[in-house]
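Next comes structure-v1.cif, with mmCIF, C-alpha atoms and all ligand atoms.
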data_structure
#
loop_
_atom_site.label_atom_id
_atom_site.label_comp_id
_atom_site.auth_asym_id
_atom_site.auth_seq_id
_atom_site.Cartn_x
_atom_site.Cartn_y
_atom_site.Cartn_z
CA MET A 156 10.94 31.14 17.82
CA LEU A 157 10.53 27.54 19.00
CA SER A 158 11.46 26.42 22.52
CA ARG A 159 13.02 23.04 23.21
CA LEU A 160 10.52 20.59 24.72
CA GLU A 161 11.28 20.00 28.38
CA GLU A 162 12.08 16.63 29.99
CA GLY A 163 8.97 14.69 30.88
CA PHE A 164 6.95 15.94 27.91
CA LYS A 165 6.15 13.31 25.29
CA PHE A 166 7.84 14.23 21.99
CA TYR A 167 5.36 12.25 19.91
CA LEU A 168 2.38 14.33 20.98
CA VAL A 169 3.49 17.00 18.53
CA LEU A 170 2.23 14.52 15.90
CA HIS A 171 -1.15 14.02 17.62
CA PRO A 172 -4.15 14.09 17.35
CA SER A 173 -3.60 10.98 15.30
CA PRO A 174 -6.18 8.93 13.43
CA THR A 175 -6.77 5.76 15.40
CA VAL A 176 -7.44 2.28 14.10
CA VAL A 177 -8.54 -0.92 15.78
CA LEU A 178 -6.33 -3.82 14.82
CA ILE A 179 -8.11 -7.17 14.84
CA THR A 180 -5.99 -10.29 14.96
CA LEU A 181 -6.43 -14.01 15.23
CA CYS A 182 -4.75 -15.51 18.28
CA PRO A 183 -3.57 -18.98 19.27
CA GLY A 184 -6.60 -21.14 20.07
CA GLY A 185 -8.68 -19.32 17.46
CA ARG A 186 -9.67 -16.36 19.64
CA VAL A 187 -10.09 -12.96 18.02
CA ASN A 188 -8.50 -9.91 19.66
CA ALA A 189 -8.92 -6.16 19.14
CA MET A 190 -6.43 -3.39 19.99
CA PRO A 191 -6.55 0.33 19.23
CA ALA A 192 -3.42 1.77 17.61
CA SER A 193 -2.91 5.45 16.92
CA TRP A 194 0.60 4.92 15.64
CA ASN A 195 -0.34 3.92 12.13
CA MET A 196 0.19 5.34 8.67
CA PRO A 197 -0.18 4.58 4.97
CA VAL A 198 3.26 3.73 3.55
CA SER A 199 3.03 3.11 -0.20
CA GLU A 200 0.38 3.12 -2.90
CA GLU A 201 1.94 0.36 -5.02
CA PRO A 202 1.69 -2.06 -3.36
CA PRO A 203 -0.93 -0.54 -1.06
CA THR A 204 0.54 -0.75 2.44
CA VAL A 205 -0.20 0.50 5.95
CA ALA A 206 2.21 0.38 8.90
CA VAL A 207 1.20 -0.10 12.51
CA ALA A 208 3.54 0.10 15.51
CA VAL A 209 2.73 -2.70 17.96
CA ASP A 210 4.32 -2.88 21.39
CA ARG A 211 5.94 -6.29 21.81
CA GLU A 212 4.34 -6.63 25.26
CA THR A 213 0.81 -6.61 23.87
CA PHE A 214 -1.25 -9.71 23.30
CA THR A 215 -1.74 -8.42 19.75
CA PHE A 216 1.99 -8.86 19.14
CA HIS A 217 1.67 -12.48 20.28
CA CYS A 218 -1.32 -12.95 17.95
CA LEU A 219 0.44 -11.33 14.99
CA GLU A 220 3.41 -13.62 15.49
CA HIS A 221 0.94 -16.53 15.47
CA ARG A 222 -0.74 -15.34 12.27
CA ARG A 223 0.71 -12.42 10.35
CA GLU A 224 -2.54 -10.95 9.16
CA ALA A 225 -4.89 -8.35 10.58
CA THR A 226 -7.85 -6.22 9.78
CA ILE A 227 -7.28 -2.52 10.24
CA ASN A 228 -10.57 -0.98 11.27
CA VAL A 229 -11.38 2.73 11.37
CA PRO A 230 -13.64 3.88 14.21
CA HIS A 231 -15.64 7.12 14.30
CA ALA A 232 -15.49 9.80 16.98
CA GLY A 233 -18.68 8.48 18.63
CA GLN A 234 -16.80 5.29 19.50
CA ALA A 235 -14.13 7.02 21.65
CA SER A 236 -15.18 5.39 24.95
CA LEU A 237 -15.30 1.92 23.45
CA VAL A 238 -11.93 2.38 21.74
CA TYR A 239 -10.38 3.68 24.95
CA ALA A 240 -11.79 0.66 26.81
CA LEU A 241 -10.37 -1.72 24.19
CA GLY A 242 -6.96 -0.18 24.80
CA SER A 243 -7.23 -0.37 28.57
CA VAL A 244 -7.35 -4.16 28.92
CA SER A 245 -5.37 -6.95 27.35
CA GLY A 246 -6.70 -9.89 25.40
CA ARG A 247 -4.39 -11.91 27.60
CA GLU A 248 -6.85 -11.39 30.47
CA VAL A 249 -10.19 -10.88 28.74
CA ASP A 250 -12.02 -11.89 25.64
CA LYS A 251 -12.62 -8.33 24.40
CA VAL A 252 -14.95 -9.41 21.61
CA ALA A 253 -17.33 -10.99 24.15
CA LYS A 254 -16.83 -8.36 26.88
CA PHE A 255 -17.52 -5.40 24.58
CA GLY A 256 -19.96 -7.18 22.28
CA LEU A 257 -17.94 -6.40 19.16
CA ARG A 258 -19.88 -7.28 16.03
CA LEU A 259 -17.61 -9.01 13.55
CA GLU A 260 -17.95 -9.96 9.92
CA GLU A 261 -15.96 -12.42 7.90
CA SER A 262 -13.04 -11.15 5.82
CA HIS A 263 -12.53 -12.22 2.24
CA TYR A 264 -8.75 -12.45 1.98
CA VAL A 265 -7.51 -12.96 5.54
CA LYS A 266 -8.61 -15.00 8.54
CA PRO A 267 -9.06 -12.22 11.14
CA PRO A 268 -12.58 -10.78 10.84
CA ARG A 269 -13.53 -7.16 10.27
CA TRP A 270 -15.32 -4.95 12.79
CA ALA A 271 -18.85 -4.55 11.42
CA ASP A 272 -19.41 -1.22 13.21
CA ALA A 273 -16.27 0.49 11.93
CA ILE A 274 -16.66 3.15 9.25
CA ALA A 275 -13.91 1.50 7.21
CA SER A 276 -11.91 -1.68 7.33
CA MET A 277 -8.85 -2.98 5.50
CA GLU A 278 -7.76 -6.58 5.17
CA GLY A 279 -4.00 -6.76 5.62
CA ARG A 280 -1.31 -9.38 5.18
CA LEU A 281 2.25 -8.90 6.44
CA HIS A 282 4.51 -7.29 3.86
CA ALA A 283 7.50 -6.28 6.00
CA MET A 284 8.40 -5.74 9.61
CA MET A 285 11.08 -4.12 11.67
CA ASP A 286 11.85 -3.92 15.38
CA VAL A 287 12.34 -0.40 16.69
CA GLY A 288 12.82 -0.01 20.43
CA GLU A 289 9.91 -1.62 22.25
CA VAL A 290 7.72 -2.00 19.18
CA ARG A 291 7.53 -4.16 16.10
CA LEU A 292 6.52 -2.07 13.12
CA TYR A 293 4.28 -4.21 10.94
CA VAL A 294 3.77 -3.14 7.35
CA PHE A 295 0.65 -4.77 5.99
CA GLU A 296 -0.24 -5.09 2.35
CA VAL A 297 -3.84 -3.96 2.03
CA LEU A 298 -5.69 -6.66 0.08
CA ALA A 299 -9.11 -5.02 0.21
CA THR A 300 -10.68 -1.90 1.70
CA TYR A 301 -14.31 -1.49 2.72
CA VAL A 302 -16.05 1.78 3.62
CA ARG A 303 -19.42 3.10 4.72
CA LYS A 304 -20.32 4.48 1.31
CA ASP A 305 -22.93 6.84 2.76
CA LEU A 306 -20.14 8.62 4.66
CA TYR A 307 -17.41 8.55 2.04
CA THR A 308 -16.64 10.65 -1.01
CA ARG A 309 -14.03 10.60 -3.74
CA TRP A 310 -11.90 12.82 -1.48
CA GLY A 311 -12.32 10.81 1.71
CA TRP A 312 -14.65 11.21 4.69
CA ASP A 313 -17.61 13.51 4.43
CA THR A 314 -16.83 15.26 7.71
CA SER A 315 -20.20 16.99 7.70
CA LYS A 316 -21.58 13.50 8.41
CA VAL A 317 -18.85 11.69 10.36
CA SER A 318 -15.42 12.15 11.85
CA PRO A 319 -12.74 9.49 12.12
CA LEU A 320 -11.53 9.15 15.70
CA LEU A 321 -8.39 11.15 16.43
CA HIS A 322 -6.37 10.33 19.53
CA GLY A 323 -4.92 13.15 21.58
CA ALA A 324 -3.38 11.77 24.78
CA GLY A 325 -4.71 9.33 27.38
CA LYS A 326 -8.50 9.62 27.49
CA THR A 327 -8.57 12.65 25.20
CA PHE A 328 -9.81 12.25 21.65
CA TYR A 329 -10.79 14.70 18.93
CA GLU A 330 -13.01 14.82 15.96
CA VAL A 331 -12.12 16.61 12.74
CA GLY A 332 -12.60 20.37 13.01
CA LYS A 333 -12.92 22.93 10.29
CA MET A 334 -11.65 22.40 6.78
CA VAL A 335 -8.70 24.47 5.54
CA ARG A 336 -8.20 24.86 1.79
CA ALA A 337 -4.75 25.71 0.45
CA GLN A 338 -4.57 28.82 -1.70
CA VAL A 339 -3.11 28.37 -5.13
CA SER A 340 -0.72 31.26 -5.62
CA PRO A 341 -0.95 33.09 -8.96
CA SER A 342 2.04 32.26 -11.22
C1 LIG B 401 -6.30 5.34 21.59
C2 LIG B 401 -5.22 4.36 21.86
C3 LIG B 401 -4.18 4.23 20.98
C4 LIG B 401 -3.16 3.29 21.18
N1 LIG B 401 -2.18 3.15 20.26
C5 LIG B 401 -1.27 2.15 20.37
C6 LIG B 401 -0.32 1.91 19.35
O1 LIG B 401 -0.29 2.58 18.31
N2 LIG B 401 0.54 0.87 19.52
C7 LIG B 401 0.52 0.08 20.64
O2 LIG B 401 1.33 -0.86 20.73
N3 LIG B 401 -0.37 0.30 21.63
C8 LIG B 401 -1.28 1.30 21.51
N4 LIG B 401 -2.22 1.50 22.48
C9 LIG B 401 -2.21 0.64 23.67
C10 LIG B 401 -2.86 -0.73 23.39
O3 LIG B 401 -4.09 -0.58 22.72
C11 LIG B 401 -3.06 -1.44 24.74
O4 LIG B 401 -1.80 -1.76 25.27
C12 LIG B 401 -3.94 -2.67 24.62
O5 LIG B 401 -4.41 -3.00 25.91
C13 LIG B 401 -3.22 -3.87 24.05
O6 LIG B 401 -4.16 -4.89 23.95
P1 LIG B 401 -3.76 -6.41 23.75
O7 LIG B 401 -2.83 -6.79 24.88
O8 LIG B 401 -5.08 -7.13 23.83
O9 LIG B 401 -3.11 -6.53 22.43
C14 LIG B 401 -3.21 2.45 22.32
C15 LIG B 401 -4.26 2.60 23.25
C16 LIG B 401 -5.25 3.54 23.02
C17 LIG B 401 -6.38 3.68 24.00
#
When written as structure tokens, how does the structure in this file appear?
Ligand SMILES: Cc1cc2nc3c(=O)[nH]c(=O)nc-3n(C[C@H](O)[C@H](O)[C@H](O)COP(=O)(O)O)c2cc1C
Amino acid sequence: MLSRLEEGFKFYLVLHPSPTVVLITLCPGGRVNAMPASWNMPVSEEPPTVAVAVDRETFTFHCLEHRREATINVPHAGQASLVYALGSVSGREVDKVAKFGLRLEESHYVKPPRWADAIASMEGRLHAMMDVGEVRLYVFEVLATYVRKDLYTRWGWDTSKVSPLLHGAGKTFYEVGKMVRAQVSPS
């Protein structure tokens, strides 16, 4: 039997650990900003889209309203401390690219650059958006996807070599644990 979650407990943590991305945007004045977002998901295959929930108080929101494009970069579990740090300060106060020495590479289809040290990166252009509570949900059309081929297989990440970064709560992150294969029941 399930028990109702008590007041003060965060409902959304039942959906964590959640794969985390780093959203890179181009801001007014030409500055590049980076923000981790664990509230993200693929939405459709045709067109290929990914949604990211961005708090309207973030500098990233301001940057996305300036230019409605982003790169959606996938970090690995070894980058937890850096990702946490990127989410602990605002681009309003600091140039995170300079402060954290983020290595960037030029995108092909959008202006915001990609994070060169991510294990994957997608170039996204706004497809749709919707305000929900304190966030603006941006749905990006994925124009191109890049991966570390040495870590990737036809079925996704080779987790014997690398784990995408999964966010638990606060400073807690996870890496992918053991694989579970569904049994096909005899018909
Ligand atoms: C692991 C992690 C995941 C986060 N996920 C989100 C998210 O999905 N959406 C969001 O608006 N903020 C999220 N945040 C908070 C922002 O990253 C944080 O507010 C950041 O400082 C905003 O940066 P900016 O003001 O430069 O845009 C997350 C933070 C961390 C550390």
Report task. Show me which residues sit within 7 Å of ligand LIG 401 (chain B) when counting all atoms listed in the file, and put them as an MDAnalysis selection string. Result -> chainID A and resid 175 188:195 207:210 213:216 238:247 290 322 325
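Using only C-alpha atoms, the nearest neighbour of Tyr264 (chain A) within the list A:Glu330, A:Glu224, A:Glu212, A:Asp250 is A:Glu224.
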Query raised in the report: What is the CA of Glu220 (chain A) to CA of Phe328 (chain A) distance in Å?
Result: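 Taking CA of Glu220 (chain A) as the start and CA of Phe328 (chain A) as the end point, the length is 29.7 Å.
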Requested in this report: Would you mind listing what lies within 10 Å of Ser318 (chain A) as a list in words, with all atoms listed in the file counted and same-chain residues fewer than 3 positions away left out?
Outcome: Pro174, Pro230, His231, Ala232, Gly233, Ile274, Leu306, Trp312, Asp313, Thr314, Ser315, Leu321, Tyr329, Glu330, Val331 and Gly332 of chain A
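The closest residue to Phe295 (chain A), picked from A:Arg159, A:Lys254, A:Arg223, A:Lys326 and counting all atoms listed in the file, is A:Arg223.
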Query raised in the report: Which protein, DNA or RNA residues have an atom at most 8 Å from (-11.6, 1.8, 6.0), counting all atoms listed in the file? List them as a PyMOL selection string.
Result: chain A and resi 227-229+273-277+300-302
**Report entry** Using all atoms listed in the file: which of A:His221, A:His171, A:Arg186, A:Arg258 has the shortest distance to Ala271 (chain A)
**Finding:** A:Arg258
Requested in this report: Tell me, in Å to one decimal, how far CA of His217 (chain A) is from CA of Leu178 (chain A).
Outcome: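 About the pair CA of His217 (chain A) and CA of Leu178 (chain A): they are 13.0 Å apart.
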Query - Selected residue, from A:Pro197, A:Cys218, A:Phe255, A:Ala299, that lies nearest to Ser236 (chain A) when counting only C-alpha atoms - result: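 Using only C-alpha atoms, the shortest distance to Ser236 (chain A) belongs to A:Phe255.
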Query - Among listed residues A:Val205, A:Val249, A:Leu257, A:Ala324, nearest Gly279 (chain A) (using only C-alpha atoms) - result: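 Going through A:Val205, A:Val249, A:Leu257, A:Ala324 one by one, the smallest distance to Gly279 (chain A) is for A:Val205.
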Query raised in the report: Suppose you want the space between CA of Val176 (chain A) and CA of Leu237 (chain A); what is it in Å?
Result: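 Between CA of Val176 (chain A) and CA of Leu237 (chain A) the gap works out to 12.2 Å.
Minimum distance to Leu170 (chain A) across A:Cys182, A:Ala283, A:Leu298, A:Met196 (counting only C-alpha atoms) occurs at A:Met196.
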**Report entry** Spatial neighbours of Arg222 (chain A), max dist 9 Å, all atoms listed in the file, sep filter under 6 positions, as a ChimeraX atom specification
**Finding:** /A:180-183,266-267
Save the residues we just selected, C-alpha atoms, as a CSV table (one decimal), in the coordinates of the input?
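Dumped everything to again_32.csv:
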chain,number,residue,atom,x,y,z
A,180,THR,CA,-6.0,-10.3,15.0
A,181,LEU,CA,-6.4,-14.0,15.2
A,182,CYS,CA,-4.8,-15.5,18.3
A,183,PRO,CA,-3.6,-19.0,19.3
A,266,LYS,CA,-8.6,-15.0,8.5
A,267,PRO,CA,-9.1,-12.2,11.1
Requested in this report: Up to 8 Å from (-15.3, -8.9, 4.8) in the file's coordinates: name the residues, counting all atoms listed in the file, as a list in words.
Outcome: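 Checked against the point, the hits come out as Glu260, Glu261, Ser262, His263, Tyr264, Pro268, Arg269, Glu278 and Tyr301 of chain A.
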